[in-house]
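Peer 1: Handing over input.txt, compact mmCIF, C-alpha atoms.
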# COMPACT_ATOMS: atom_id res chain seq x y z
CA MET A 1 -35.98 -2.93 -46.60
CA SER A 2 -39.25 -1.64 -48.02
CA GLN A 3 -39.15 -1.48 -51.79
CA ARG A 4 -35.53 -2.60 -51.93
CA CYS A 5 -34.84 -5.79 -53.83
CA VAL A 6 -33.23 -9.05 -52.73
CA ILE A 7 -30.72 -10.35 -55.27
CA LEU A 8 -29.78 -14.02 -55.12
CA VAL A 9 -26.36 -14.97 -56.48
CA GLY A 10 -24.57 -18.30 -56.49
CA PRO A 11 -23.66 -21.20 -58.74
CA MET A 12 -26.11 -23.36 -60.65
CA GLY A 13 -27.93 -25.67 -58.27
CA SER A 14 -27.56 -23.41 -55.24
CA GLY A 15 -31.32 -22.83 -55.04
CA LYS A 16 -31.67 -19.30 -56.42
CA THR A 17 -34.89 -20.01 -58.31
CA SER A 18 -36.64 -22.23 -55.76
CA VAL A 19 -35.62 -20.06 -52.80
CA GLY A 20 -36.37 -16.90 -54.78
CA GLU A 21 -39.90 -17.98 -55.63
CA MET A 22 -40.65 -18.83 -51.99
CA LEU A 23 -39.03 -15.67 -50.62
CA ALA A 24 -40.94 -13.47 -53.08
CA GLU A 25 -44.20 -15.10 -52.03
CA THR A 26 -43.33 -14.67 -48.34
CA LEU A 27 -42.46 -10.98 -48.80
CA GLY A 28 -45.26 -10.21 -51.25
CA TYR A 29 -42.62 -9.23 -53.82
CA GLN A 30 -42.48 -10.05 -57.52
CA PHE A 31 -40.09 -12.87 -58.46
CA VAL A 32 -37.75 -12.23 -61.38
CA ASP A 33 -35.45 -14.86 -62.90
CA THR A 34 -32.88 -13.17 -65.15
CA ASP A 35 -32.40 -16.40 -67.14
CA LYS A 36 -36.12 -16.47 -67.96
CA LEU A 37 -35.99 -12.82 -69.05
CA ILE A 38 -33.05 -13.63 -71.35
CA GLU A 39 -34.92 -16.59 -72.86
CA LYS A 40 -38.02 -14.47 -73.41
CA GLY A 41 -36.02 -11.69 -75.07
CA ALA A 42 -34.02 -14.08 -77.26
CA GLY A 43 -36.97 -16.31 -78.09
CA LYS A 44 -34.94 -19.41 -77.28
CA LYS A 45 -33.58 -21.47 -74.41
CA ILE A 46 -30.28 -20.54 -72.76
CA SER A 47 -28.77 -23.84 -73.89
CA ASP A 48 -29.64 -22.85 -77.48
CA ILE A 49 -28.13 -19.38 -77.03
CA PHE A 50 -24.89 -21.01 -75.83
CA ALA A 51 -24.92 -23.56 -78.67
CA GLN A 52 -25.88 -21.18 -81.50
CA ASP A 53 -24.45 -17.83 -80.41
CA GLY A 54 -21.79 -18.68 -77.81
CA GLN A 55 -21.23 -17.77 -74.19
CA ALA A 56 -20.11 -14.20 -75.00
CA ALA A 57 -23.45 -13.48 -76.70
CA PHE A 58 -25.29 -14.93 -73.71
CA ARG A 59 -23.27 -12.78 -71.28
CA ALA A 60 -24.05 -9.66 -73.33
CA GLN A 61 -27.78 -10.46 -73.22
CA GLU A 62 -27.51 -11.17 -69.49
CA SER A 63 -25.86 -7.80 -68.81
CA SER A 64 -28.52 -6.04 -70.89
CA VAL A 65 -31.33 -7.71 -68.91
CA ILE A 66 -29.65 -6.86 -65.59
CA ALA A 67 -29.12 -3.22 -66.64
CA GLY A 68 -32.85 -3.13 -67.43
CA LEU A 69 -33.59 -4.00 -63.79
CA ALA A 70 -31.59 -1.06 -62.41
CA ASN A 71 -34.68 0.77 -61.13
CA ALA A 72 -36.55 -2.30 -59.89
CA LYS A 73 -38.36 -2.15 -56.55
CA SER A 74 -39.82 -4.86 -54.30
CA LYS A 75 -38.48 -7.79 -56.32
CA VAL A 76 -36.62 -10.97 -55.50
CA ILE A 77 -34.17 -11.47 -58.35
CA ALA A 78 -32.59 -14.84 -59.13
CA THR A 79 -29.48 -14.31 -61.24
CA GLY A 80 -27.61 -16.63 -63.52
CA GLY A 81 -24.60 -18.28 -61.90
CA GLY A 82 -22.15 -16.29 -64.01
CA ALA A 83 -23.78 -12.88 -63.60
CA VAL A 84 -21.08 -11.86 -61.09
CA LEU A 85 -18.38 -12.26 -63.78
CA ASP A 86 -19.28 -8.78 -65.07
CA PRO A 87 -18.46 -6.01 -62.55
CA GLN A 88 -21.16 -3.82 -64.10
CA ASN A 89 -23.80 -6.42 -63.16
CA VAL A 90 -22.53 -6.40 -59.56
CA HIS A 91 -22.71 -2.58 -59.58
CA VAL A 92 -26.39 -2.80 -60.61
CA PHE A 93 -27.07 -5.41 -57.90
CA ARG A 94 -25.51 -3.19 -55.22
CA GLY A 95 -27.82 -0.35 -56.22
CA LEU A 96 -30.89 -2.58 -56.03
CA GLY A 97 -30.70 -3.91 -52.49
CA LEU A 98 -29.50 -6.86 -50.47
CA ILE A 99 -27.22 -9.36 -52.27
CA VAL A 100 -27.45 -12.91 -50.91
CA TYR A 101 -24.94 -15.60 -51.85
CA LEU A 102 -26.51 -19.05 -51.70
CA ARG A 103 -23.57 -21.42 -51.48
CA ALA A 104 -22.93 -25.16 -51.33
CA SER A 105 -20.01 -27.44 -52.09
CA ALA A 106 -19.21 -28.33 -55.69
CA ARG A 107 -20.03 -31.94 -54.84
CA GLU A 108 -23.49 -31.05 -53.54
CA LEU A 109 -24.19 -28.68 -56.45
CA TYR A 110 -23.20 -31.37 -58.95
CA GLN A 111 -25.56 -33.86 -57.27
CA ARG A 112 -28.41 -31.35 -57.57
CA VAL A 113 -27.93 -30.61 -61.30
CA LYS A 114 -26.30 -33.72 -62.78
CA ASN A 115 -29.55 -34.90 -64.40
CA ASP A 116 -30.51 -31.46 -65.74
CA ASP A 117 -29.79 -31.35 -69.48
CA SER A 118 -30.35 -27.58 -69.65
CA ARG A 119 -26.94 -26.74 -68.12
CA PRO A 120 -24.70 -25.76 -71.06
CA LEU A 121 -21.58 -25.26 -68.94
CA LEU A 122 -21.77 -28.90 -67.83
CA LYS A 123 -21.93 -30.32 -71.37
CA VAL A 124 -18.26 -31.32 -71.15
CA GLU A 125 -16.32 -34.56 -70.81
CA ASP A 126 -15.97 -34.30 -67.01
CA PRO A 127 -18.92 -32.28 -65.68
CA LYS A 128 -18.03 -33.00 -62.04
CA ALA A 129 -14.57 -31.46 -62.50
CA GLU A 130 -16.08 -28.54 -64.44
CA MET A 131 -18.48 -27.84 -61.57
CA ALA A 132 -15.55 -27.81 -59.14
CA ARG A 133 -13.64 -25.43 -61.44
CA ILE A 134 -16.63 -23.07 -61.78
CA VAL A 135 -17.24 -22.98 -58.03
CA ALA A 136 -13.54 -22.37 -57.28
CA GLU A 137 -13.37 -19.57 -59.86
CA ARG A 138 -16.56 -17.78 -58.84
CA ASP A 139 -16.67 -18.27 -55.05
CA PRO A 140 -14.46 -15.22 -54.37
CA LEU A 141 -16.65 -13.09 -56.67
CA TYR A 142 -19.84 -14.21 -54.92
CA ARG A 143 -18.31 -13.58 -51.49
CA ASP A 144 -16.98 -10.18 -52.52
CA CYS A 145 -20.37 -8.85 -53.64
CA ALA A 146 -22.61 -10.53 -51.05
CA ASP A 147 -24.13 -8.80 -48.05
CA VAL A 148 -25.25 -12.18 -46.69
CA VAL A 149 -23.89 -15.70 -47.27
CA ILE A 150 -26.11 -18.71 -46.60
CA ASN A 151 -24.78 -22.22 -46.89
CA THR A 152 -27.64 -24.20 -48.45
CA GLU A 153 -25.81 -27.54 -48.24
CA ASP A 154 -28.04 -29.33 -45.74
CA LEU A 155 -31.02 -26.97 -45.73
CA SER A 156 -34.43 -27.29 -47.34
CA VAL A 157 -35.81 -24.44 -49.43
CA GLU A 158 -38.08 -23.60 -46.48
CA GLU A 159 -35.11 -23.44 -44.08
CA VAL A 160 -33.17 -21.14 -46.41
CA ASN A 161 -36.26 -18.95 -46.79
CA ASP A 162 -36.63 -18.76 -42.98
CA LYS A 163 -32.96 -17.76 -42.60
CA LEU A 164 -33.44 -15.02 -45.19
CA ILE A 165 -36.58 -13.71 -43.52
CA ASP A 166 -34.66 -13.56 -40.19
CA GLU A 167 -31.79 -11.73 -41.90
CA LEU A 168 -34.14 -9.23 -43.52
CA ALA A 169 -35.93 -8.61 -40.21
CA LYS A 170 -32.60 -7.85 -38.49
CA ARG A 171 -31.65 -5.39 -41.21
CA THR A 172 -35.07 -3.70 -41.25
CA LEU A 173 -35.00 -3.22 -37.46
CA GLY A 174 -31.48 -1.82 -37.78
CA ASP A 175 -32.64 0.76 -40.36
CA GLY A 176 -35.00 2.50 -37.94
Could you quickly redo this structure as structure tokens?
Peer 2:
Amino acid sequence: MSQRCVILVGPMGSGKTSVGEMLAETLGYQFVDTDKLIEKGAGKKISDIFAQDGQAAFRAQESSVIAGLANAKSKVIATGGGAVLDPQNVHVFRGLGLIVYLRASARELYQRVKNDDSRPLLKVEDPKAEMARIVAERDPLYRDCADVVINTEDLSVEEVNDKLIDELAKRTLGDG
């Protein structure tokens, strides 16, 4: 696993950022959040990009940021929930290292993010139904690209981190 990256995919609220920060610290890797890179490059919040420029413009910026990570080493990368919608992004992820799908039920995910105003895809009349729709649409894409699937439903960030460390140890021992 040395120098390879760990890429965290999954829907909003699945724990990509919080787990990613802890995992990076545990591994001594750099933590990268693609959403933060997009905001830095655009000079505005993702919710503003969606509102002012539209989702297509956001997705183009997201793909550009991900392409820019193609030669990354020793990083834990938290991706935006929709990053897997572009097959080119998934191709980049596969070249970087281990892809981990952090999953939970739509109900649980909604509970985790319902009070977060920075979620542009949930600024709709029925955000609970929209979350269910997003999860149903993307779950097969997450599963298809993932090397490892971890259900975060009833786990703390620490427990998810421990499961990932165990998984990485198994894979590292298998490489030798």
Peer 1: As an exercise, work out the distance from CA of Val149 (chain A) to CA of Val100 (chain A) in Å and give it to one decimal place.
Peer 2: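 The value is 5.8 Å.
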Peer 1: Measure the distance from CA of Thr34 (chain A) to CA of Lys170 (chain A) in Å and round it to one decimal.
Peer 2: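 CA of Lys170 (chain A) lies 27.2 Å from CA of Thr34 (chain A).
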Peer 1: Within 12 Å of (-46.6, -7.0, -49.4), in the coordinates the file gives, what residues turn up when you count only C-alpha atoms, written out as a count of residues only?
Peer 2: 14
Peer 1: Pick out the closest residue to Asp147 (chain A) from this set: A:Gly97, A:Gly54, A:Gly68, A:Gly20. Count only C-alpha atoms.
Peer 2: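 With only C-alpha atoms as the atom set, the closest residue is A:Gly97.
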Peer 1: Given all atoms listed in the file, how would the per-residue table for region 61-113 of chain A near region 125-144 of chain A read, listing every residue at most 12 Å away with its closest atom pair and distance in Å to one decimal, sorted by chain and number, as a tab-separated table?
Peer 2:
residue	atom	partner	partner_atom	distance
A:Thr79	CA	A:Tyr142	CA	11.5
A:Gly80	CA	A:Tyr142	CA	11.8
A:Gly81	CA	A:Arg138	CA	8.6
A:Gly82	CA	A:Arg138	CA	7.8
A:Ala83	CA	A:Tyr142	CA	9.6
A:Val84	CA	A:Leu141	CA	6.4
A:Leu85	CA	A:Leu141	CA	7.4
A:Asp86	CA	A:Leu141	CA	9.8
A:Pro87	CA	A:Leu141	CA	9.4
A:Asn89	CA	A:Leu141	CA	11.7
A:Val90	CA	A:Leu141	CA	9.4
A:His91	CA	A:Asp144	CA	11.9
A:Phe93	CA	A:Tyr142	CA	11.8
A:Arg94	CA	A:Asp144	CA	11.4
A:Ile99	CA	A:Tyr142	CA	9.2
A:Val100	CA	A:Tyr142	CA	8.7
A:Tyr101	CA	A:Tyr142	CA	6.1
A:Leu102	CA	A:Tyr142	CA	8.8
A:Arg103	CA	A:Asp139	CA	8.4
A:Ala104	CA	A:Val135	CA	9.1
A:Ser105	CA	A:Val135	CA	7.9
A:Ala106	CA	A:Ala132	CA	5.1
A:Arg107	CA	A:Ala132	CA	7.5
A:Glu108	CA	A:Met131	CA	10.0
A:Leu109	CA	A:Met131	CA	7.7
A:Tyr110	CA	A:Lys128	CA	6.2
A:Gln111	CA	A:Lys128	CA	9.0
A:Arg112	CA	A:Met131	CA	11.3
A:Val113	CA	A:Met131	CA	9.9
Peer 1: Box in all listed atoms of region 2-10 of chain A, axis-aligned, with 3 Å more on each side; write out centre and edge lengths in Å to one decimal as AutoDock Vina command-line options.
Peer 2:
--center_x -31.9 --center_y -9.9 --center_z -52.3 --size_x 20.7 --size_y 22.8 --size_z 14.5
Peer 1: When you count all atoms listed in the file, which of these residues is closest to Arg59 (chain A): A:Ile77, A:Val148, A:Ile46, A:Val19?
Peer 2: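 Ranked by minimum distance to Arg59 (chain A), first place goes to A:Ile46.
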Peer 1: Taking all atoms listed in the file into account, name the residue in A:Ile38, A:Val157, A:Ala78, A:Ala72 that is nearest to Ala60 (chain A).
Peer 2: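 The shortest atom-to-atom distance to Ala60 (chain A) comes from A:Ile38.
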Peer 1: Saving region 80-116 of chain A with N, CA and C atoms, as a PDB file, in the first residue's frame, what would that file be?
Peer 2:
ATOM      1  N   GLY A  80     -16.490  14.127  -3.676  1.00  0.00           N
ATOM      2  CA  GLY A  80     -17.880  14.545  -3.615  1.00  0.00           C
ATOM      3  C   GLY A  80     -18.778  13.353  -3.907  1.00  0.00           C
ATOM      4  N   GLY A  81     -19.985  13.383  -3.381  1.00  0.00           N
ATOM      5  CA  GLY A  81     -20.900  12.247  -3.543  1.00  0.00           C
ATOM      6  C   GLY A  81     -21.186  11.882  -4.985  1.00  0.00           C
ATOM      7  N   GLY A  82     -21.157  12.861  -5.885  1.00  0.00           N
ATOM      8  CA  GLY A  82     -21.469  12.600  -7.281  1.00  0.00           C
ATOM      9  C   GLY A  82     -20.264  12.359  -8.164  1.00  0.00           C
ATOM     10  N   ALA A  83     -19.082  12.297  -7.591  1.00  0.00           N
ATOM     11  CA  ALA A  83     -17.866  12.127  -8.399  1.00  0.00           C
ATOM     12  C   ALA A  83     -17.917  10.862  -9.254  1.00  0.00           C
ATOM     13  N   VAL A  84     -18.595   9.824  -8.775  1.00  0.00           N
ATOM     14  CA  VAL A  84     -18.660   8.556  -9.513  1.00  0.00           C
ATOM     15  C   VAL A  84     -19.574   8.629 -10.734  1.00  0.00           C
ATOM     16  N   LEU A  85     -20.295   9.730 -10.906  1.00  0.00           N
ATOM     17  CA  LEU A  85     -21.177   9.874 -12.072  1.00  0.00           C
ATOM     18  C   LEU A  85     -20.377   9.987 -13.368  1.00  0.00           C
ATOM     19  N   ASP A  86     -19.127  10.413 -13.274  1.00  0.00           N
ATOM     20  CA  ASP A  86     -18.266  10.561 -14.446  1.00  0.00           C
ATOM     21  C   ASP A  86     -17.293   9.377 -14.494  1.00  0.00           C
ATOM     22  N   PRO A  87     -17.409   8.526 -15.518  1.00  0.00           N
ATOM     23  CA  PRO A  87     -16.516   7.358 -15.607  1.00  0.00           C
ATOM     24  C   PRO A  87     -15.038   7.737 -15.645  1.00  0.00           C
ATOM     25  N   GLN A  88     -14.713   8.907 -16.153  1.00  0.00           N
ATOM     26  CA  GLN A  88     -13.313   9.341 -16.190  1.00  0.00           C
ATOM     27  C   GLN A  88     -12.776   9.543 -14.767  1.00  0.00           C
ATOM     28  N   ASN A  89     -13.618  10.075 -13.870  1.00  0.00           N
ATOM     29  CA  ASN A  89     -13.207  10.225 -12.473  1.00  0.00           C
ATOM     30  C   ASN A  89     -12.897   8.862 -11.866  1.00  0.00           C
ATOM     31  N   VAL A  90     -13.759   7.885 -12.120  1.00  0.00           N
ATOM     32  CA  VAL A  90     -13.565   6.534 -11.585  1.00  0.00           C
ATOM     33  C   VAL A  90     -12.265   5.945 -12.139  1.00  0.00           C
ATOM     34  N   HIS A  91     -11.975   6.199 -13.408  1.00  0.00           N
ATOM     35  CA  HIS A  91     -10.730   5.731 -14.019  1.00  0.00           C
ATOM     36  C   HIS A  91      -9.517   6.309 -13.268  1.00  0.00           C
ATOM     37  N   VAL A  92      -9.570   7.599 -12.940  1.00  0.00           N
ATOM     38  CA  VAL A  92      -8.487   8.229 -12.176  1.00  0.00           C
ATOM     39  C   VAL A  92      -8.375   7.568 -10.803  1.00  0.00           C
ATOM     40  N   PHE A  93      -9.514   7.370 -10.133  1.00  0.00           N
ATOM     41  CA  PHE A  93      -9.499   6.749  -8.800  1.00  0.00           C
ATOM     42  C   PHE A  93      -8.830   5.383  -8.851  1.00  0.00           C
ATOM     43  N   ARG A  94      -9.174   4.582  -9.852  1.00  0.00           N
ATOM     44  CA  ARG A  94      -8.617   3.227  -9.960  1.00  0.00           C
ATOM     45  C   ARG A  94      -7.099   3.259 -10.100  1.00  0.00           C
ATOM     46  N   GLY A  95      -6.591   4.282 -10.776  1.00  0.00           N
ATOM     47  CA  GLY A  95      -5.151   4.402 -10.939  1.00  0.00           C
ATOM     48  C   GLY A  95      -4.430   4.879  -9.683  1.00  0.00           C
ATOM     49  N   LEU A  96      -5.200   5.467  -8.762  1.00  0.00           N
ATOM     50  CA  LEU A  96      -4.590   6.052  -7.560  1.00  0.00           C
ATOM     51  C   LEU A  96      -4.393   5.053  -6.424  1.00  0.00           C
ATOM     52  N   GLY A  97      -5.299   4.092  -6.303  1.00  0.00           N
ATOM     53  CA  GLY A  97      -5.167   3.177  -5.169  1.00  0.00           C
ATOM     54  C   GLY A  97      -6.461   2.489  -4.807  1.00  0.00           C
ATOM     55  N   LEU A  98      -6.682   2.339  -3.515  1.00  0.00           N
ATOM     56  CA  LEU A  98      -7.813   1.594  -2.984  1.00  0.00           C
ATOM     57  C   LEU A  98      -9.052   2.487  -2.903  1.00  0.00           C
ATOM     58  N   ILE A  99     -10.148   2.058  -3.529  1.00  0.00           N
ATOM     59  CA  ILE A  99     -11.405   2.806  -3.498  1.00  0.00           C
ATOM     60  C   ILE A  99     -12.311   2.179  -2.442  1.00  0.00           C
ATOM     61  N   VAL A 100     -12.739   3.004  -1.486  1.00  0.00           N
ATOM     62  CA  VAL A 100     -13.574   2.542  -0.377  1.00  0.00           C
ATOM     63  C   VAL A 100     -14.928   3.233  -0.451  1.00  0.00           C
ATOM     64  N   TYR A 101     -15.987   2.437  -0.500  1.00  0.00           N
ATOM     65  CA  TYR A 101     -17.354   2.947  -0.501  1.00  0.00           C
ATOM     66  C   TYR A 101     -17.865   2.949   0.930  1.00  0.00           C
ATOM     67  N   LEU A 102     -18.091   4.146   1.468  1.00  0.00           N
ATOM     68  CA  LEU A 102     -18.700   4.281   2.785  1.00  0.00           C
ATOM     69  C   LEU A 102     -20.203   4.397   2.554  1.00  0.00           C
ATOM     70  N   ARG A 103     -20.947   3.415   3.011  1.00  0.00           N
ATOM     71  CA  ARG A 103     -22.375   3.416   2.722  1.00  0.00           C
ATOM     72  C   ARG A 103     -23.215   3.450   3.998  1.00  0.00           C
ATOM     73  N   ALA A 104     -24.442   3.899   3.838  1.00  0.00           N
ATOM     74  CA  ALA A 104     -25.453   3.896   4.900  1.00  0.00           C
ATOM     75  C   ALA A 104     -26.800   4.033   4.209  1.00  0.00           C
ATOM     76  N   SER A 105     -27.852   3.759   4.933  1.00  0.00           N
ATOM     77  CA  SER A 105     -29.188   3.870   4.345  1.00  0.00           C
ATOM     78  C   SER A 105     -29.530   5.330   4.072  1.00  0.00           C
ATOM     79  N   ALA A 106     -30.432   5.543   3.123  1.00  0.00           N
ATOM     80  CA  ALA A 106     -30.881   6.904   2.807  1.00  0.00           C
ATOM     81  C   ALA A 106     -31.467   7.568   4.048  1.00  0.00           C
ATOM     82  N   ARG A 107     -32.157   6.807   4.850  1.00  0.00           N
ATOM     83  CA  ARG A 107     -32.760   7.351   6.079  1.00  0.00           C
ATOM     84  C   ARG A 107     -31.678   7.863   7.033  1.00  0.00           C
ATOM     85  N   GLU A 108     -30.659   7.063   7.239  1.00  0.00           N
ATOM     86  CA  GLU A 108     -29.557   7.455   8.126  1.00  0.00           C
ATOM     87  C   GLU A 108     -28.797   8.664   7.559  1.00  0.00           C
ATOM     88  N   LEU A 109     -28.518   8.627   6.268  1.00  0.00           N
ATOM     89  CA  LEU A 109     -27.801   9.737   5.628  1.00  0.00           C
ATOM     90  C   LEU A 109     -28.585  11.035   5.770  1.00  0.00           C
ATOM     91  N   TYR A 110     -29.899  10.952   5.554  1.00  0.00           N
ATOM     92  CA  TYR A 110     -30.738  12.148   5.678  1.00  0.00           C
ATOM     93  C   TYR A 110     -30.666  12.699   7.106  1.00  0.00           C
ATOM     94  N   GLN A 111     -30.722  11.811   8.093  1.00  0.00           N
ATOM     95  CA  GLN A 111     -30.639  12.253   9.496  1.00  0.00           C
ATOM     96  C   GLN A 111     -29.322  12.992   9.752  1.00  0.00           C
ATOM     97  N   ARG A 112     -28.249  12.515   9.145  1.00  0.00           N
ATOM     98  CA  ARG A 112     -26.938  13.117   9.368  1.00  0.00           C
ATOM     99  C   ARG A 112     -26.802  14.503   8.735  1.00  0.00           C
ATOM    100  N   VAL A 113     -27.495  14.753   7.617  1.00  0.00           N
ATOM    101  CA  VAL A 113     -27.264  16.007   6.878  1.00  0.00           C
ATOM    102  C   VAL A 113     -28.465  16.950   6.859  1.00  0.00           C
ATOM    103  N   LYS A 114     -29.574  16.565   7.458  1.00  0.00           N
ATOM    104  CA  LYS A 114     -30.801  17.362   7.303  1.00  0.00           C
ATOM    105  C   LYS A 114     -30.677  18.797   7.804  1.00  0.00           C
ATOM    106  N   ASN A 115     -29.784  19.058   8.738  1.00  0.00           N
ATOM    107  CA  ASN A 115     -29.623  20.423   9.258  1.00  0.00           C
ATOM    108  C   ASN A 115     -28.447  21.171   8.639  1.00  0.00           C
ATOM    109  N   ASP A 116     -27.856  20.586   7.591  1.00  0.00           N
ATOM    110  CA  ASP A 116     -26.709  21.195   6.925  1.00  0.00           C
ATOM    111  C   ASP A 116     -27.196  21.973   5.703  1.00  0.00           C
TER     112      ASP A 116
END
